[in-house]
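Shown here: entry_28.cif, mmCIF, C-alpha atoms and all ligand atoms.
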data_query
loop_
_atom_site.label_atom_id
_atom_site.label_comp_id
_atom_site.auth_asym_id
_atom_site.auth_seq_id
_atom_site.Cartn_x
_atom_site.Cartn_y
_atom_site.Cartn_z
CA MET A 68 13.68 22.23 -12.51
CA ASP A 69 17.07 20.88 -13.47
CA SER A 70 18.55 22.44 -16.61
CA ARG A 71 21.22 19.71 -16.81
CA ILE A 72 18.55 17.12 -17.41
CA ASP A 73 15.53 18.70 -19.11
CA SER A 74 16.67 17.94 -22.65
CA ASP A 75 17.78 14.42 -21.76
CA PRO A 76 15.00 11.86 -22.27
CA GLU A 77 16.59 9.06 -20.26
CA LEU A 78 17.33 11.20 -17.20
CA SER A 79 13.97 12.96 -17.56
CA ALA A 80 12.22 9.57 -17.43
CA LEU A 81 14.13 8.74 -14.25
CA LEU A 82 13.20 12.11 -12.70
CA ASP A 83 9.53 11.62 -13.57
CA LEU A 84 9.62 8.17 -12.00
CA SER A 85 11.49 9.55 -8.97
CA ALA A 86 8.82 12.22 -8.45
CA ARG A 87 6.05 9.61 -8.79
CA ILE A 88 7.46 7.18 -6.27
CA GLY A 89 8.55 10.06 -4.03
CA ALA A 90 4.95 11.27 -3.86
CA ASP A 91 3.75 7.84 -2.71
CA ALA A 92 4.13 7.56 1.08
CA SER A 93 3.77 3.79 0.87
CA LEU A 94 7.07 3.70 -1.07
CA VAL A 95 9.14 6.66 0.15
CA GLN A 96 8.93 8.80 3.29
CA GLY A 97 10.75 12.12 3.63
CA PRO A 98 14.31 12.06 2.29
CA GLY A 99 14.39 8.23 2.26
CA GLY A 100 14.80 6.12 -0.85
CA ASN A 101 16.94 6.87 -3.89
CA THR A 102 17.19 6.27 -7.62
CA SER A 103 20.07 6.08 -10.09
CA LEU A 104 20.98 5.81 -13.76
CA LYS A 105 24.34 4.60 -15.10
CA ARG A 106 25.41 5.85 -18.50
CA ASP A 107 28.58 6.88 -20.33
CA GLY A 108 30.77 6.14 -17.31
CA VAL A 109 28.71 8.32 -14.99
CA MET A 110 26.12 7.26 -12.43
CA TRP A 111 23.47 9.86 -11.66
CA VAL A 112 22.27 9.21 -8.12
CA LYS A 113 19.98 11.03 -5.74
CA ALA A 114 21.67 13.55 -3.47
CA SER A 115 21.90 12.89 0.27
CA GLY A 116 19.05 14.55 2.15
CA ALA A 117 17.12 15.37 -1.06
CA TRP A 118 13.50 14.28 -1.38
CA LEU A 119 12.57 12.15 -4.41
CA SER A 120 9.19 13.90 -4.34
CA GLN A 121 10.99 17.13 -5.33
CA ALA A 122 12.66 15.57 -8.38
CA ARG A 123 10.82 17.94 -10.72
CA GLU A 124 11.13 21.04 -8.54
CA ARG A 125 14.85 21.28 -7.87
CA PRO A 126 18.11 19.52 -8.79
CA ILE A 127 18.32 16.32 -6.75
CA MET A 128 20.68 14.17 -8.85
CA VAL A 129 24.47 14.02 -8.43
CA PRO A 130 26.78 12.70 -11.18
CA VAL A 131 29.39 10.25 -9.87
CA ARG A 132 32.29 8.85 -11.95
CA LEU A 133 31.59 5.15 -11.92
CA ALA A 134 34.92 3.47 -12.83
CA PRO A 135 37.02 5.16 -10.11
CA LEU A 136 34.27 4.51 -7.56
CA LEU A 137 34.12 0.80 -8.48
CA ASP A 138 37.93 0.58 -8.33
CA ALA A 139 37.94 2.17 -4.89
CA LEU A 140 35.15 -0.17 -3.81
CA GLU A 141 37.23 -3.15 -4.94
CA GLN A 142 40.06 -1.92 -2.72
CA ALA A 143 37.70 -1.24 0.21
CA ASP A 144 38.81 2.41 0.14
CA PRO A 145 37.01 4.26 2.98
CA ALA A 146 36.50 7.24 0.59
CA CYS A 147 33.65 5.18 -0.90
CA GLU A 148 31.52 5.71 2.19
CA THR A 149 30.54 9.26 1.26
CA ALA A 150 31.58 8.95 -2.42
CA THR A 151 32.08 12.75 -2.51
CA ALA A 152 35.60 12.24 -3.96
CA PHE A 153 34.05 10.65 -7.06
CA VAL A 154 31.55 13.38 -7.94
CA ALA A 155 31.90 14.76 -11.49
CA SER A 156 32.17 18.34 -10.22
CA ALA A 157 31.73 20.02 -13.62
CA LEU A 158 28.22 18.54 -13.82
CA ASN A 159 27.41 19.36 -10.19
CA PRO A 160 27.28 23.18 -9.91
CA GLN A 161 25.01 23.01 -6.84
CA GLY A 162 27.64 21.05 -4.92
CA LEU A 163 25.19 18.29 -4.00
CA ARG A 164 26.50 15.31 -2.01
CA PRO A 165 25.73 11.80 -3.21
CA SER A 166 23.32 9.62 -1.24
CA ILE A 167 24.77 7.55 1.58
CA GLU A 168 23.54 4.55 -0.41
CA THR A 169 25.54 5.49 -3.55
CA THR A 170 27.90 2.50 -3.40
CA MET A 171 24.93 0.13 -3.24
CA HIS A 172 23.68 1.56 -6.56
CA ALA A 173 27.17 1.39 -8.04
CA ALA A 174 27.61 -2.26 -7.07
CA LEU A 175 24.54 -3.31 -9.07
CA PRO A 176 25.28 -3.80 -12.78
CA HIS A 177 21.89 -2.52 -14.02
CA ARG A 178 21.46 0.87 -15.67
CA VAL A 179 18.52 1.87 -13.50
CA VAL A 180 18.29 1.11 -9.78
CA LEU A 181 15.41 2.12 -7.51
CA HIS A 182 15.65 1.85 -3.74
CA VAL A 183 12.49 2.41 -1.72
CA HIS A 184 11.35 2.02 1.87
CA CYS A 185 8.26 0.22 0.65
CA VAL A 186 5.76 -0.33 3.46
CA GLU A 187 4.46 -3.64 2.05
CA THR A 188 8.02 -4.95 1.68
CA ILE A 189 9.20 -3.77 5.11
CA ALA A 190 6.27 -5.56 6.79
CA TRP A 191 7.77 -8.83 5.48
CA ALA A 192 11.42 -7.78 5.73
CA VAL A 193 11.29 -7.26 9.51
CA GLN A 194 10.27 -10.88 10.08
CA ALA A 195 12.87 -13.40 11.19
CA ASP A 196 11.53 -15.96 8.70
CA ALA A 197 11.20 -13.45 5.82
CA ARG A 198 13.08 -15.62 3.34
CA ALA A 199 10.71 -18.57 3.68
CA LYS A 200 7.63 -16.33 3.59
CA LEU A 201 8.81 -14.33 0.57
CA ALA A 202 9.90 -17.33 -1.51
CA PRO A 203 6.44 -18.31 -2.84
CA LEU A 204 5.40 -14.66 -3.26
CA LEU A 205 8.40 -13.47 -5.31
CA ASP A 206 8.96 -16.71 -7.22
CA GLY A 207 10.30 -16.14 -10.75
CA LEU A 208 11.36 -12.52 -10.20
CA GLY A 209 15.13 -13.07 -9.81
CA TRP A 210 15.03 -11.97 -6.18
CA LEU A 211 17.19 -12.34 -3.12
CA LEU A 212 17.06 -11.35 0.51
CA VAL A 213 20.05 -9.62 2.10
CA PRO A 214 20.29 -9.98 5.90
CA TYR A 215 20.42 -6.73 7.86
CA VAL A 216 23.72 -4.89 7.84
CA ARG A 217 24.30 -1.17 8.26
CA PRO A 218 23.53 0.81 5.08
CA GLY A 219 26.54 2.31 3.31
CA LEU A 220 29.69 0.26 2.73
CA PRO A 221 28.79 -2.78 4.84
CA LEU A 222 25.50 -3.25 2.94
CA THR A 223 27.21 -2.68 -0.41
CA GLN A 224 29.78 -5.38 0.32
CA VAL A 225 27.10 -7.91 1.22
CA MET A 226 25.08 -6.97 -1.88
CA LYS A 227 28.09 -7.29 -4.15
CA SER A 228 28.74 -10.86 -3.12
CA ALA A 229 25.06 -11.84 -3.17
CA VAL A 230 23.94 -10.41 -6.53
CA ARG A 231 23.71 -12.80 -9.49
CA THR A 232 23.40 -11.93 -13.17
CA ASP A 233 19.62 -12.52 -13.10
CA THR A 234 18.98 -10.48 -9.93
CA ARG A 235 16.30 -7.85 -10.39
CA VAL A 236 14.84 -7.59 -6.89
CA VAL A 237 16.69 -7.33 -3.58
CA VAL A 238 14.78 -7.30 -0.30
CA LEU A 239 16.86 -5.67 2.44
CA ALA A 240 16.01 -7.16 5.83
CA ASN A 241 14.89 -4.52 8.36
CA HIS A 242 15.31 -1.83 5.71
CA GLY A 243 13.50 -1.90 2.35
CA LEU A 244 13.57 -2.89 -1.29
CA VAL A 245 15.84 -2.48 -4.32
CA VAL A 246 14.66 -3.12 -7.88
CA CYS A 247 16.76 -2.92 -11.03
CA GLY A 248 16.16 -2.66 -14.76
CA GLU A 249 17.69 -1.49 -17.99
CA THR A 250 15.22 1.40 -18.30
CA ALA A 251 13.18 3.46 -15.84
CA ALA A 252 10.01 1.91 -17.28
CA ALA A 253 11.27 -1.65 -16.80
CA ALA A 254 12.39 -0.93 -13.23
CA GLU A 255 9.04 0.68 -12.42
CA ALA A 256 7.13 -2.31 -13.84
CA THR A 257 9.14 -4.65 -11.59
CA LEU A 258 8.56 -2.36 -8.60
CA ARG A 259 4.77 -2.35 -9.17
CA ASP A 260 4.81 -6.13 -9.58
CA VAL A 261 6.69 -6.65 -6.29
CA VAL A 262 4.41 -4.28 -4.39
CA SER A 263 1.25 -6.00 -5.63
CA ARG A 264 2.67 -9.45 -4.76
CA LEU A 265 3.61 -8.34 -1.25
CA LYS A 266 0.35 -6.54 -0.33
CA ARG A 267 -0.80 -7.34 3.19
CA ALA A 268 -4.04 -6.84 5.08
CA VAL A 269 -4.20 -3.52 6.94
CA ARG A 270 -5.66 -3.71 10.45
CA PRO A 271 -8.03 -0.77 11.01
CA ALA A 272 -7.11 1.44 13.97
CA PRO A 273 -9.43 3.22 16.43
CA GLN A 274 -9.90 6.98 15.94
CA PRO A 275 -7.55 9.27 17.89
CA ASP A 276 -8.89 11.42 20.72
CA ALA A 277 -7.94 14.78 19.19
CA ALA A 278 -9.35 16.88 22.04
CA ALA A 279 -7.38 14.99 24.71
CA LEU A 280 -4.22 15.16 22.63
CA ALA A 281 -4.55 18.87 21.89
CA ALA A 282 -5.14 19.84 25.52
CA SER A 283 -1.50 20.33 26.52
CA ALA A 284 0.28 19.81 23.20
CA ALA A 285 0.93 23.39 22.09
CA ALA A 286 2.05 24.54 25.53
CA CYS A 287 4.68 21.78 25.51
CA GLY A 288 5.86 22.46 21.94
CA TYR A 289 3.98 19.58 20.31
CA ARG A 290 1.30 19.30 17.63
CA LEU A 291 -1.10 16.72 16.26
CA PRO A 292 0.19 14.84 13.19
CA GLN A 293 -1.68 15.21 9.91
CA LEU A 294 -1.13 11.59 8.90
CA GLU A 295 -3.75 9.24 10.38
CA SER A 296 -1.29 6.38 10.41
CA VAL A 297 0.89 8.15 13.00
CA HIS A 298 -1.98 8.01 15.51
CA ALA A 299 -2.50 4.33 14.76
CA VAL A 300 0.84 3.49 16.42
CA ALA A 301 -0.73 4.56 19.73
CA THR A 302 -4.45 3.82 19.24
CA ASP A 303 -4.08 0.27 17.90
CA ARG A 304 -3.07 -2.02 20.79
CA GLU A 305 -1.25 -4.54 18.63
CA SER A 306 0.72 -1.80 16.82
CA LEU A 307 1.68 -0.22 20.14
CA GLU A 308 2.84 -3.55 21.53
CA LEU A 309 5.01 -4.09 18.45
CA ALA A 310 6.34 -0.50 18.50
CA ARG A 311 7.48 -0.90 22.10
CA ARG A 312 9.76 -3.79 21.13
CA GLY A 313 12.29 -1.47 19.44
CA SER A 314 13.43 0.07 16.15
CA LEU A 315 12.53 -1.80 12.97
CA TYR A 316 14.77 -0.03 10.40
CA PRO A 317 17.49 2.65 10.10
CA ASP A 318 15.45 5.73 9.09
CA HIS A 319 13.36 5.33 12.23
CA ILE A 320 16.50 5.84 14.34
CA VAL A 321 17.77 8.74 12.21
CA PHE A 322 14.56 10.79 12.45
CA LEU A 323 12.72 9.49 15.54
CA GLY A 324 15.52 8.21 17.77
CA ARG A 325 15.81 4.70 19.18
CA GLY A 326 12.54 2.86 19.68
CA VAL A 327 9.48 4.87 20.67
CA PHE A 328 8.60 7.09 23.59
CA ALA A 329 5.16 6.52 25.12
CA LEU A 330 3.46 8.25 28.02
CA GLY A 331 2.54 6.05 30.97
CA PRO A 332 -1.07 5.52 32.05
CA GLU A 333 -2.47 8.88 33.22
CA GLU A 334 0.96 10.51 32.78
CA ALA A 335 0.67 14.17 31.75
CA LEU A 336 2.60 15.30 28.66
CA GLY A 337 4.77 17.72 30.65
CA ASP A 338 5.70 14.99 33.16
CA GLY A 339 6.41 12.54 30.35
CA LEU A 340 8.70 15.00 28.58
CA GLN A 341 10.59 15.58 31.80
CA ARG A 342 11.03 11.80 32.12
CA ALA A 343 12.22 11.62 28.49
CA ARG A 344 14.93 14.19 29.25
CA ALA A 345 15.94 12.31 32.40
CA GLU A 346 16.18 9.11 30.36
CA GLY A 347 18.50 10.84 27.88
CA ARG A 348 15.96 10.93 25.03
CA GLY A 349 16.01 14.74 24.79
CA GLU A 350 12.81 16.08 23.22
CA PRO A 351 11.26 13.08 21.46
CA ALA A 352 10.13 13.82 17.89
CA LEU A 353 7.23 11.39 18.40
CA VAL A 354 5.25 10.97 21.62
CA LEU A 355 2.75 8.12 21.85
CA VAL A 356 -0.26 8.57 24.11
CA PRO A 357 -1.56 5.00 24.48
CA GLY A 358 -5.20 4.66 23.42
CA LYS A 359 -5.43 8.34 22.45
CA GLY A 360 -3.02 8.95 19.56
CA ALA A 361 0.31 10.56 18.83
CA LEU A 362 2.01 13.95 18.99
CA ILE A 363 4.84 15.33 16.87
CA ARG A 364 7.35 17.82 18.22
CA ALA A 365 6.50 21.15 16.58
CA ALA A 366 10.19 21.91 15.92
CA ALA A 367 10.89 18.49 14.36
CA PRO A 368 11.71 18.49 10.62
CA PRO A 369 8.94 17.41 8.20
CA ALA A 370 10.76 14.10 7.75
CA ALA A 371 9.87 13.10 11.32
CA GLU A 372 6.14 12.92 10.64
CA ALA A 373 6.70 11.13 7.32
CA ILE A 374 8.84 8.49 9.05
CA ALA A 375 6.33 8.16 11.91
CA GLY A 376 3.60 7.63 9.30
CA CYS A 377 5.66 4.81 7.80
CA LEU A 378 5.92 3.19 11.23
CA GLY A 379 2.14 3.22 11.59
CA ASP A 380 1.67 1.86 8.08
CA VAL A 381 4.12 -1.00 8.71
CA LEU A 382 2.75 -1.89 12.15
CA GLN A 383 -0.85 -2.01 10.93
CA ARG A 384 0.31 -4.73 8.52
CA LEU A 385 2.04 -6.80 11.22
CA ARG A 386 0.56 -9.09 13.84
CA ALA A 387 2.02 -9.36 17.33
CA ASP A 388 2.27 -13.16 16.94
CA GLU A 389 4.59 -12.85 13.92
CA PRO A 390 8.36 -13.28 14.51
CA VAL A 391 9.23 -9.58 14.24
CA ARG A 392 12.94 -8.82 14.52
CA VAL A 393 13.94 -5.42 15.91
CA LEU A 394 17.42 -3.96 15.52
CA THR A 395 19.85 -4.81 18.31
CA ALA A 396 21.21 -2.08 20.59
CA GLU A 397 24.52 -2.36 18.74
CA GLU A 398 22.82 -1.96 15.33
CA GLU A 399 20.88 1.04 16.64
CA GLY A 400 24.09 2.60 17.95
CA ALA A 401 25.86 2.16 14.61
CA ILE A 402 23.13 4.24 12.93
CA ALA A 403 22.78 6.84 15.69
CA ASP A 404 26.52 7.58 15.68
CA TRP A 405 27.12 7.44 11.94
CA ASP A 406 28.62 10.67 10.54
CA ALA A 407 26.91 10.39 7.15
CA GLU A 408 23.52 10.28 8.86
CA LEU A 409 24.37 13.31 10.96
CA TYR A 410 24.70 15.22 7.66
CA ARG A 411 21.30 13.99 6.47
CA LYS A 412 19.78 14.98 9.83
CA ALA A 413 21.32 18.44 9.61
CA LEU A 414 19.88 18.90 6.11
CA ALA A 415 16.45 17.87 7.35
CA ARG A 416 16.52 20.71 9.86
CA ARG A 417 17.14 23.32 7.16
CA PRO A 418 13.99 24.94 5.80
CA ALA A 419 13.17 23.56 2.33
ZN ZN B 501 17.37 2.89 2.48
#
Can you give me the file's structure in the form of structure tokens?
Ligand SMILES: [Zn+2]
Amino acid sequence: MDSRIDSDPELSALLDLSARIGADASLVQGPGGNTSLKRDGVMWVKASGAWLSQARERPIMVPVRLAPLLDALEQADPACETATAFVASALNPQGLRPSIETTMHAALPHRVVLHVHCVETIAWAVQADARAKLAPLLDGLGWLLVPYVRPGLPLTQVMKSAVRTDTRVVVLANHGLVVCGETAAAAEATLRDVVSRLKRAVRPAPQPDAAALAASAAACGYRLPQLESVHAVATDRESLELARRGSLYPDHIVFLGRGVFALGPEEALGDGLQRARAEGRGEPALVLVPGKGALIRAAAPPAAEAIAGCLGDVLQRLRADEPVRVLTAEEEGAIADWDAELYRKALARRPA
């Protein structure tokens, strides 16, 4: 619980909404996604590394002084990137750090902003012709599509110049969705509307071969995932073909590394892991066993399985003949080497 917020109806409504969308794996996976409320010169925004699903269990919101942050943003001050210099410390006894997407929230004029890694949205947003495909579906919603740029300051700058007064919905190519409103209820209604408009058919996947997967998993430090959709990446041929093309969005790189690692035909897990090390992949958080299913590294943080589940959910909504755009090697590198993400990764390794 958060004693700063309990007696505050507006923030309480945002926390309730945060917990609801955080509990829905089709909207938010692991520490991804964030919410904010602007009021009385302060923007309350989700803390970096915090899980929206825990919004009612522990303090997850950080108060940031809005005017100085917007001034600094105007001057392209690099201090905006982490926004830690703008935290209203007196209201932040836990010393939480603001989300790496704080400036994106600040740049939107609306009181309430929700950012989610919505599976239905991502399945459109990774397509090269997303704008043309989304136009008839989102008609009338005050929407726009922002081409892929690295989250943080680069994305905020693009958003700032793209947003119009009537913008309520922003689709982020190869990333996710932002919806805005004057109240938590209004923003949630828009979110539900967008999700229902963007619903796609889900291709059923063959069952995993649990016995084959389990045979050498534990001995190698791996386990079977609990989420069915993780297996689908490896059991569904079309999903596997798509997964092999590369990384679709930033959180994949942060928690699973670049692209995917799959065992070769008849390759034993131990041999595959040795090859992964030789290829500089270290110990992959996710190992795909084509036709059989997937394994998760036992020591990987809980976020890894959540993100892998998102990958399966997205891929089962995509067809191999669609113009899917994966991140370039340069875009992958910019995420892999980004200091702010190293902090989020470090937090994910800490026990909750
Ligand atoms: Zn995001």
- Task: Would you work out the distance separating atom CA of A:Ala157 from atom CA of A:Arg178, expressed in Å to one decimal?
- Result: 21.8 Å
- If we count all atoms listed in the file, what is near A:Ala256 at a cut-off of 10 Å, once residues fewer than 6 positions away on the same chain are taken out, given as an MDAnalysis selection string? chainID A and resid 246 248 250
- Shortest interatomic distance to A:Leu355 - which of A:Leu315, A:Ala268, A:Ile374, A:Ala310, counting all atoms listed in the file: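 Closest to A:Leu355 of all the choices is A:Ala310.
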Counting only C-alpha atoms and all ligand atoms, what residues are within 10 Å of ligand ZN 501 (chain B), given as a short mmCIF file (atom, residue, chain, number, x, y, z; two decimals) with C-alpha atoms, in the frame of the given file?
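Writing the result to out-v8.cif gives the following:
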data_model
loop_
_atom_site.label_atom_id
_atom_site.label_comp_id
_atom_site.auth_asym_id
_atom_site.auth_seq_id
_atom_site.Cartn_x
_atom_site.Cartn_y
_atom_site.Cartn_z
CA VAL A 95 9.14 6.66 0.15
CA PRO A 98 14.31 12.06 2.29
CA GLY A 99 14.39 8.23 2.26
CA GLY A 100 14.80 6.12 -0.85
CA ASN A 101 16.94 6.87 -3.89
CA SER A 166 23.32 9.62 -1.24
CA ILE A 167 24.77 7.55 1.58
CA GLU A 168 23.54 4.55 -0.41
CA MET A 171 24.93 0.13 -3.24
CA HIS A 182 15.65 1.85 -3.74
CA VAL A 183 12.49 2.41 -1.72
CA HIS A 184 11.35 2.02 1.87
CA CYS A 185 8.26 0.22 0.65
CA ARG A 217 24.30 -1.17 8.26
CA PRO A 218 23.53 0.81 5.08
CA GLY A 219 26.54 2.31 3.31
CA LEU A 239 16.86 -5.67 2.44
CA ASN A 241 14.89 -4.52 8.36
CA HIS A 242 15.31 -1.83 5.71
CA GLY A 243 13.50 -1.90 2.35
CA LEU A 244 13.57 -2.89 -1.29
CA VAL A 245 15.84 -2.48 -4.32
CA TYR A 316 14.77 -0.03 10.40
CA PRO A 317 17.49 2.65 10.10
CA ASP A 318 15.45 5.73 9.09
#
- Task: Would you mind reading off the distance between atom CA of A:Ala190 and atom CA of A:Glu148, one decimal, in Å?
- Result: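 Separating atom CA of A:Ala190 from atom CA of A:Glu148 is a distance of 28.0 Å.
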Centre, edges in Å (one decimal): axis-aligned box, stretch 350-362 of chain A, 4 Å padding on all six sides, as lines of an AutoDock Vina configuration file:
center_x = 3.7
center_y = 10.4
center_z = 21.2
size_x = 26.2
size_y = 19.4
size_z = 14.6
- Within 12 Å of (16.3, 10.7, 14.0), all atoms listed in the file: residues as a PyMOL selection string? chain A and resi 97-98+314+316-327+348-353+367-375+399-400+402-405+408-416
- Task: Might you pull out every residue within 7 Å of stretch 269-278 of chain A, with all atoms listed in the file counted and same-chain residues fewer than 3 positions away left off, and present them as number ranges by chain?
- Result: A: 281-282, 298-299, 302-303, 359-360, 383-384
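With all atoms listed in the file as the atoms that count, the residue of A:Ala139, A:Ala146, A:Leu181, A:Ile189 with the shortest distance to A:Val393 is A:Ile189.
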- Query: Any idea what the distance is between atom CA of A:Ala114 and atom CA of A:Val129?
  - Reply: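 Interatomic distance here is 5.7 Å.
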- Shell of 10 Å around stretch 333-343 of chain A, only C-alpha atoms, local chain residues under 4 positions omitted, as a VMD selection string: chain A and resid 280 282 to 284 286 to 289 328 to 329 347 to 351 354 to 357 362
Would you kindly place N, CA, C and O atoms on stretch 321-335 of chain A and return the model as a PDB file, keeping the file's coordinate frame?
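Written output follows (out_31.pdb):
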ATOM      1  N   VAL A 321      17.231   7.460  12.666  1.00  0.00           N
ATOM      2  CA  VAL A 321      17.770   8.740  12.210  1.00  0.00           C
ATOM      3  C   VAL A 321      16.800   9.880  12.549  1.00  0.00           C
ATOM      4  O   VAL A 321      17.220  10.938  13.024  1.00  0.00           O
ATOM      5  N   PHE A 322      15.505   9.679  12.327  1.00  0.00           N
ATOM      6  CA  PHE A 322      14.560  10.790  12.450  1.00  0.00           C
ATOM      7  C   PHE A 322      13.691  10.756  13.709  1.00  0.00           C
ATOM      8  O   PHE A 322      13.112  11.767  14.089  1.00  0.00           O
ATOM      9  N   LEU A 323      13.569   9.585  14.354  1.00  0.00           N
ATOM     10  CA  LEU A 323      12.720   9.490  15.540  1.00  0.00           C
ATOM     11  C   LEU A 323      13.488   9.058  16.785  1.00  0.00           C
ATOM     12  O   LEU A 323      12.923   8.998  17.876  1.00  0.00           O
ATOM     13  N   GLY A 324      14.755   8.720  16.630  1.00  0.00           N
ATOM     14  CA  GLY A 324      15.520   8.210  17.770  1.00  0.00           C
ATOM     15  C   GLY A 324      15.306   6.709  17.922  1.00  0.00           C
ATOM     16  O   GLY A 324      14.635   6.072  17.131  1.00  0.00           O
ATOM     17  N   ARG A 325      15.911   6.147  18.981  1.00  0.00           N
ATOM     18  CA  ARG A 325      15.810   4.700  19.180  1.00  0.00           C
ATOM     19  C   ARG A 325      14.455   4.327  19.758  1.00  0.00           C
ATOM     20  O   ARG A 325      14.022   4.917  20.746  1.00  0.00           O
ATOM     21  N   GLY A 326      13.815   3.349  19.169  1.00  0.00           N
ATOM     22  CA  GLY A 326      12.540   2.860  19.680  1.00  0.00           C
ATOM     23  C   GLY A 326      11.477   3.944  19.668  1.00  0.00           C
ATOM     24  O   GLY A 326      11.517   4.863  18.836  1.00  0.00           O
ATOM     25  N   VAL A 327      10.508   3.835  20.593  1.00  0.00           N
ATOM     26  CA  VAL A 327       9.480   4.870  20.670  1.00  0.00           C
ATOM     27  C   VAL A 327       9.381   5.363  22.113  1.00  0.00           C
ATOM     28  O   VAL A 327       9.780   4.665  23.046  1.00  0.00           O
ATOM     29  N   PHE A 328       8.836   6.553  22.255  1.00  0.00           N
ATOM     30  CA  PHE A 328       8.600   7.090  23.590  1.00  0.00           C
ATOM     31  C   PHE A 328       7.086   7.185  23.801  1.00  0.00           C
ATOM     32  O   PHE A 328       6.389   7.846  23.026  1.00  0.00           O
ATOM     33  N   ALA A 329       6.607   6.506  24.842  1.00  0.00           N
ATOM     34  CA  ALA A 329       5.160   6.520  25.120  1.00  0.00           C
ATOM     35  C   ALA A 329       4.917   7.036  26.531  1.00  0.00           C
ATOM     36  O   ALA A 329       5.690   6.746  27.458  1.00  0.00           O
ATOM     37  N   LEU A 330       3.851   7.803  26.683  1.00  0.00           N
ATOM     38  CA  LEU A 330       3.460   8.250  28.020  1.00  0.00           C
ATOM     39  C   LEU A 330       2.924   7.055  28.800  1.00  0.00           C
ATOM     40  O   LEU A 330       2.349   6.127  28.222  1.00  0.00           O
ATOM     41  N   GLY A 331       3.100   7.090  30.116  1.00  0.00           N
ATOM     42  CA  GLY A 331       2.540   6.050  30.970  1.00  0.00           C
ATOM     43  C   GLY A 331       1.050   6.294  31.168  1.00  0.00           C
ATOM     44  O   GLY A 331       0.536   7.352  30.779  1.00  0.00           O
ATOM     45  N   PRO A 332       0.352   5.333  31.796  1.00  0.00           N
ATOM     46  CA  PRO A 332      -1.070   5.520  32.050  1.00  0.00           C
ATOM     47  C   PRO A 332      -1.283   6.765  32.918  1.00  0.00           C
ATOM     48  O   PRO A 332      -0.605   6.917  33.935  1.00  0.00           O
ATOM     49  N   GLU A 333      -2.150   7.643  32.481  1.00  0.00           N
ATOM     50  CA  GLU A 333      -2.470   8.880  33.220  1.00  0.00           C
ATOM     51  C   GLU A 333      -1.297   9.844  33.345  1.00  0.00           C
ATOM     52  O   GLU A 333      -1.381  10.837  34.057  1.00  0.00           O
ATOM     53  N   GLU A 334      -0.180   9.592  32.684  1.00  0.00           N
ATOM     54  CA  GLU A 334       0.960  10.510  32.780  1.00  0.00           C
ATOM     55  C   GLU A 334       0.685  11.753  31.930  1.00  0.00           C
ATOM     56  O   GLU A 334       0.310  11.640  30.768  1.00  0.00           O
ATOM     57  N   ALA A 335       0.883  12.930  32.506  1.00  0.00           N
ATOM     58  CA  ALA A 335       0.670  14.170  31.750  1.00  0.00           C
ATOM     59  C   ALA A 335       1.839  14.375  30.788  1.00  0.00           C
ATOM     60  O   ALA A 335       2.953  13.908  31.043  1.00  0.00           O
TER      61      ALA A 335
END
